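Asks: Quick one: the structure is below, and I'll ask about it shortly.
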Amino acid sequence: MSKGRLIVFSAPSGCGKGTMLEQILKNDGFRCSVSATTRSPRPGDVDGVNYHFISREDFEDRIGKDMFLEYAEYCGNYYGTLLSEVDPYLEKGIDVILEIEVQGAMKIRQKRPDAVFIFIAPPSVSELRRRLNKRGTETQEVIEERISQAAGEIALAEKYDYVIVNDALEDAVDDFFAVMRAEKLKAANSGDIINEVLK
């Protein structure tokens, strides 16, 4: 049985990555890694589904035991990807999707260069602004901050293996599966296919 692939999935806020992931995860053979955090659960958060909520002491203990693939501290709280959320599933042949911001993705690029790095981009900055305004959940000031941050993230998209523009959801999801097919057919990943041909 071939190992699963680690898929690093990044997108600026408002690019629809959550909706894309909902569609992708309807297919067997994929799972989304659940991050650990020291922040308090928000209303509606479910431990083990949205995050693994752990204490700061427990998080730092796990850092000391090298139990994270990556971690970072934002606004006084730790966030990280536990190896136990990734490696056991890869060994079972399940593809693990890691939804993560750009800086975290670059850390993983150093540790797991064989991962598949996919960046989800908006069709344009003006469309991104329209989507964020349509949400109606944030002030204009926060939206402009998000736009500025998004521009910086989009500038780093060339460091990824693939860039998918999420204009129409169905097309973007189709592009994701096209990437997965292309990865499977890469010579470097096709040992099982070659062994089958040589039998």
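The way I read the labels, and the way they are meant: chains A, B, ... in the order of the structure tokens, residue 1 as the first residue of every chain, and ligand 1 as the first ligand shown, with later ones counted on from there.
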I'd like the contact shell of A:Pro122 - 6 Å cut-off, only C-alpha atoms, skipping same-chain residues fewer than 5 positions apart - returned as a count of residues only.

Replies: 3

Asks: Extract, using only C-alpha atoms, all DNA, RNA and protein residues at most 9 Å from A:Leu169, discarding same-chain residues fewer than 3 positions from it, and format them as a list in words.

Replies: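 The neighbour list is Gly16, Thr19, Met20, Asn166, Ala172, Val173 and Asp174 of chain A.
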
Asks: If DSSP is run on the backbone, what residues of stretch 34-146 of chain A are strand (DSSP E or B)? A reply as a PyMOL selection string would be ideal.

Replies: chain A and resi 36-37+47+51-53+68-74+77-82+95-99+116-121

Asks: If you keep N, CA and C atoms, can you produce a file of those selected residues as an mmCIF file, in the first residue's frame?

Replies:
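Contents of part_28.cif, as written:
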data_model
loop_
_atom_site.group_PDB
_atom_site.id
_atom_site.type_symbol
_atom_site.label_atom_id
_atom_site.label_comp_id
_atom_site.auth_asym_id
_atom_site.auth_seq_id
_atom_site.Cartn_x
_atom_site.Cartn_y
_atom_site.Cartn_z
ATOM 1 N N ALA A 36 -3.776 21.989 17.214
ATOM 2 C CA ALA A 36 -3.852 22.171 18.673
ATOM 3 C C ALA A 36 -3.685 23.653 18.973
ATOM 4 N N THR A 37 -4.331 24.117 20.031
ATOM 5 C CA THR A 37 -4.195 25.518 20.418
ATOM 6 C C THR A 37 -4.349 25.681 21.926
ATOM 7 N N ASP A 47 -14.085 20.437 20.859
ATOM 8 C CA ASP A 47 -12.731 19.911 21.055
ATOM 9 C C ASP A 47 -12.534 18.677 20.187
ATOM 10 N N TYR A 51 -10.524 22.357 16.981
ATOM 11 C CA TYR A 51 -9.139 22.346 17.477
ATOM 12 C C TYR A 51 -9.037 21.292 18.564
ATOM 13 N N HIS A 52 -7.794 20.928 18.891
ATOM 14 C CA HIS A 52 -7.520 20.237 20.158
ATOM 15 C C HIS A 52 -7.168 21.353 21.139
ATOM 16 N N PHE A 53 -8.032 21.599 22.117
ATOM 17 C CA PHE A 53 -7.800 22.673 23.087
ATOM 18 C C PHE A 53 -6.985 22.114 24.251
ATOM 19 N N PHE A 68 5.405 18.214 17.636
ATOM 20 C CA PHE A 68 4.740 19.057 16.632
ATOM 21 C C PHE A 68 5.482 19.027 15.297
ATOM 22 N N LEU A 69 4.716 19.011 14.224
ATOM 23 C CA LEU A 69 5.284 19.192 12.891
ATOM 24 C C LEU A 69 5.678 20.666 12.736
ATOM 25 N N GLU A 70 4.818 21.551 13.230
ATOM 26 C CA GLU A 70 5.119 22.993 13.257
ATOM 27 C C GLU A 70 4.240 23.623 14.327
ATOM 28 N N TYR A 71 4.695 24.760 14.834
ATOM 29 C CA TYR A 71 3.862 25.523 15.773
ATOM 30 C C TYR A 71 4.303 26.984 15.722
ATOM 31 N N ALA A 72 3.405 27.851 16.186
ATOM 32 C CA ALA A 72 3.723 29.286 16.240
ATOM 33 C C ALA A 72 2.893 29.904 17.348
ATOM 34 N N GLU A 73 3.280 31.104 17.750
ATOM 35 C CA GLU A 73 2.532 31.828 18.774
ATOM 36 C C GLU A 73 1.939 33.074 18.140
ATOM 37 N N TYR A 74 0.613 33.239 18.256
ATOM 38 C CA TYR A 74 -0.089 34.411 17.730
ATOM 39 C C TYR A 74 -0.910 35.021 18.856
ATOM 40 N N ASN A 77 -1.279 33.193 22.159
ATOM 41 C CA ASN A 77 -1.682 31.782 22.176
ATOM 42 C C ASN A 77 -0.838 30.969 21.200
ATOM 43 N N TYR A 78 -0.590 29.721 21.558
ATOM 44 C CA TYR A 78 0.105 28.791 20.661
ATOM 45 C C TYR A 78 -0.907 28.113 19.727
ATOM 46 N N TYR A 79 -0.447 27.856 18.504
ATOM 47 C CA TYR A 79 -1.188 27.045 17.534
ATOM 48 C C TYR A 79 -0.177 26.103 16.911
ATOM 49 N N GLY A 80 -0.556 24.853 16.685
ATOM 50 C CA GLY A 80 0.409 23.927 16.086
ATOM 51 C C GLY A 80 -0.220 22.676 15.511
ATOM 52 N N THR A 81 0.568 21.979 14.706
ATOM 53 C CA THR A 81 0.136 20.726 14.082
ATOM 54 C C THR A 81 0.841 19.569 14.766
ATOM 55 N N LEU A 82 0.076 18.736 15.425
ATOM 56 C CA LEU A 82 0.645 17.562 16.099
ATOM 57 C C LEU A 82 1.016 16.491 15.067
ATOM 58 N N ASP A 95 -4.586 10.630 2.504
ATOM 59 C CA ASP A 95 -4.015 11.947 2.232
ATOM 60 C C ASP A 95 -4.469 12.915 3.318
ATOM 61 N N VAL A 96 -3.528 13.626 3.924
ATOM 62 C CA VAL A 96 -3.837 14.549 5.018
ATOM 63 C C VAL A 96 -3.690 15.987 4.524
ATOM 64 N N ILE A 97 -4.784 16.746 4.657
ATOM 65 C CA ILE A 97 -4.773 18.163 4.262
ATOM 66 C C ILE A 97 -4.490 19.011 5.493
ATOM 67 N N LEU A 98 -3.515 19.866 5.368
ATOM 68 C CA LEU A 98 -3.134 20.758 6.457
ATOM 69 C C LEU A 98 -3.465 22.178 6.015
ATOM 70 N N GLU A 99 -4.530 22.743 6.607
ATOM 71 C CA GLU A 99 -4.940 24.102 6.271
ATOM 72 C C GLU A 99 -4.142 25.046 7.167
ATOM 73 N N VAL A 116 2.767 18.290 -0.795
ATOM 74 C CA VAL A 116 2.205 18.989 -1.952
ATOM 75 C C VAL A 116 1.683 20.336 -1.454
ATOM 76 N N PHE A 117 2.230 21.425 -1.982
ATOM 77 C CA PHE A 117 1.886 22.763 -1.505
ATOM 78 C C PHE A 117 0.943 23.443 -2.500
ATOM 79 N N ILE A 118 -0.282 23.752 -2.029
ATOM 80 C CA ILE A 118 -1.317 24.338 -2.891
ATOM 81 C C ILE A 118 -1.760 25.679 -2.304
ATOM 82 N N PHE A 119 -1.723 26.717 -3.123
ATOM 83 C CA PHE A 119 -2.170 28.038 -2.706
ATOM 84 C C PHE A 119 -3.477 28.363 -3.414
ATOM 85 N N ILE A 120 -4.489 28.783 -2.642
ATOM 86 C CA ILE A 120 -5.777 29.173 -3.212
ATOM 87 C C ILE A 120 -5.808 30.699 -3.299
ATOM 88 N N ALA A 121 -5.986 31.214 -4.499
ATOM 89 C CA ALA A 121 -5.971 32.667 -4.719
ATOM 90 C C ALA A 121 -7.363 33.152 -5.140
#

Asks: From the options A:Pro43, A:Ile7, A:Leu83, A:Glu101, which residue's atoms come nearest to A:Val179, counting only C-alpha atoms?

Replies: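 Among the listed residues, the smallest separation from A:Val179 belongs to A:Ile7.
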
Asks: For A:Ala151, which residue out of A:Ser33, A:Ser55, A:Asn195, A:Ser124 is the nearest one, using only C-alpha atoms?

Replies: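 Answer, going by the shortest atom-to-atom distance: A:Ser124.
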
Asks: May I have the residues within 12 Å of A:Glu183 as a VMD selection string, using only C-alpha atoms and disregarding those fewer than 5 positions away in the same chain?

Replies: chain A and resid 4 to 7 95 114 to 118 161 to 162 176 to 178 188 to 190

Asks: Figure out the distance between atom CA of A:Arg129 and atom CA of A:Glu144, please, to one decimal in Å.

Replies: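 Pair atom CA of A:Glu144 / atom CA of A:Arg129 returns 8.0 Å.
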
Asks: Where does DSSP see alpha helix (DSSP H) in stretch 101-183 of chain A, if you list the residues as a short mmCIF file (atom, residue, chain, number, x, y, z; two decimals) with C-alpha atoms, in the first residue's frame?

Replies:
data_model
loop_
_atom_site.label_atom_id
_atom_site.label_comp_id
_atom_site.auth_asym_id
_atom_site.auth_seq_id
_atom_site.Cartn_x
_atom_site.Cartn_y
_atom_site.Cartn_z
CA VAL A 102 1.82 31.00 4.64
CA GLN A 103 4.51 31.33 7.35
CA GLY A 104 3.59 27.91 8.78
CA ALA A 105 3.62 26.43 5.29
CA MET A 106 7.17 27.66 4.71
CA LYS A 107 8.29 25.95 7.95
CA ILE A 108 6.76 22.70 6.71
CA ARG A 109 8.48 23.17 3.33
CA GLN A 110 11.81 22.83 5.20
CA LYS A 111 10.75 19.75 7.20
CA VAL A 125 -8.14 41.78 -5.01
CA SER A 126 -11.34 43.70 -5.87
CA GLU A 127 -13.33 40.42 -5.85
CA LEU A 128 -11.75 39.51 -2.51
CA ARG A 129 -12.83 42.89 -1.12
CA ARG A 130 -16.36 42.29 -2.45
CA ARG A 131 -16.54 38.86 -0.76
CA LEU A 132 -15.28 40.20 2.57
CA ASN A 133 -17.82 43.06 2.45
CA LYS A 134 -20.60 40.60 1.57
CA ARG A 135 -19.91 38.63 4.76
CA GLN A 140 -14.20 48.39 6.96
CA GLU A 141 -10.92 48.90 8.84
CA VAL A 142 -10.57 45.15 9.52
CA ILE A 143 -11.46 44.36 5.89
CA GLU A 144 -8.71 46.69 4.65
CA GLU A 145 -6.24 45.02 7.06
CA ARG A 146 -7.25 41.63 5.64
CA ILE A 147 -6.82 42.91 2.07
CA SER A 148 -3.34 44.20 2.90
CA GLN A 149 -2.40 40.90 4.54
CA ALA A 150 -3.84 38.96 1.58
CA ALA A 151 -1.70 40.95 -0.87
CA GLY A 152 1.42 39.94 1.09
CA GLU A 153 0.35 36.28 1.12
CA ILE A 154 -0.49 36.27 -2.60
CA ALA A 155 3.02 37.62 -3.30
CA LEU A 169 -16.16 26.77 -6.68
CA GLU A 170 -16.78 23.72 -8.87
CA ASP A 171 -13.88 24.59 -11.19
CA ALA A 172 -11.54 25.20 -8.23
CA VAL A 173 -12.43 21.80 -6.70
CA ASP A 174 -11.90 20.14 -10.12
CA ASP A 175 -8.48 21.84 -10.30
CA PHE A 176 -7.62 20.41 -6.86
CA PHE A 177 -8.38 16.87 -8.03
CA ALA A 178 -6.41 17.51 -11.25
CA VAL A 179 -3.42 18.40 -9.03
CA MET A 180 -3.90 15.15 -7.08
CA ARG A 181 -3.96 13.15 -10.34
CA ALA A 182 -0.83 14.93 -11.57
CA GLU A 183 0.95 14.18 -8.27
#

Asks: Please compute the atom CA of A:Ala11-atom CA of A:Val163 distance, one decimal, in Å.

Replies: 9.8 Å

Asks: How many Å lie between atom CA of A:Asp87 and atom CA of A:Phe30, rounded to one decimal?

Replies: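 So the two atoms, atom CA of A:Asp87 and atom CA of A:Phe30, lie 13.3 Å apart.
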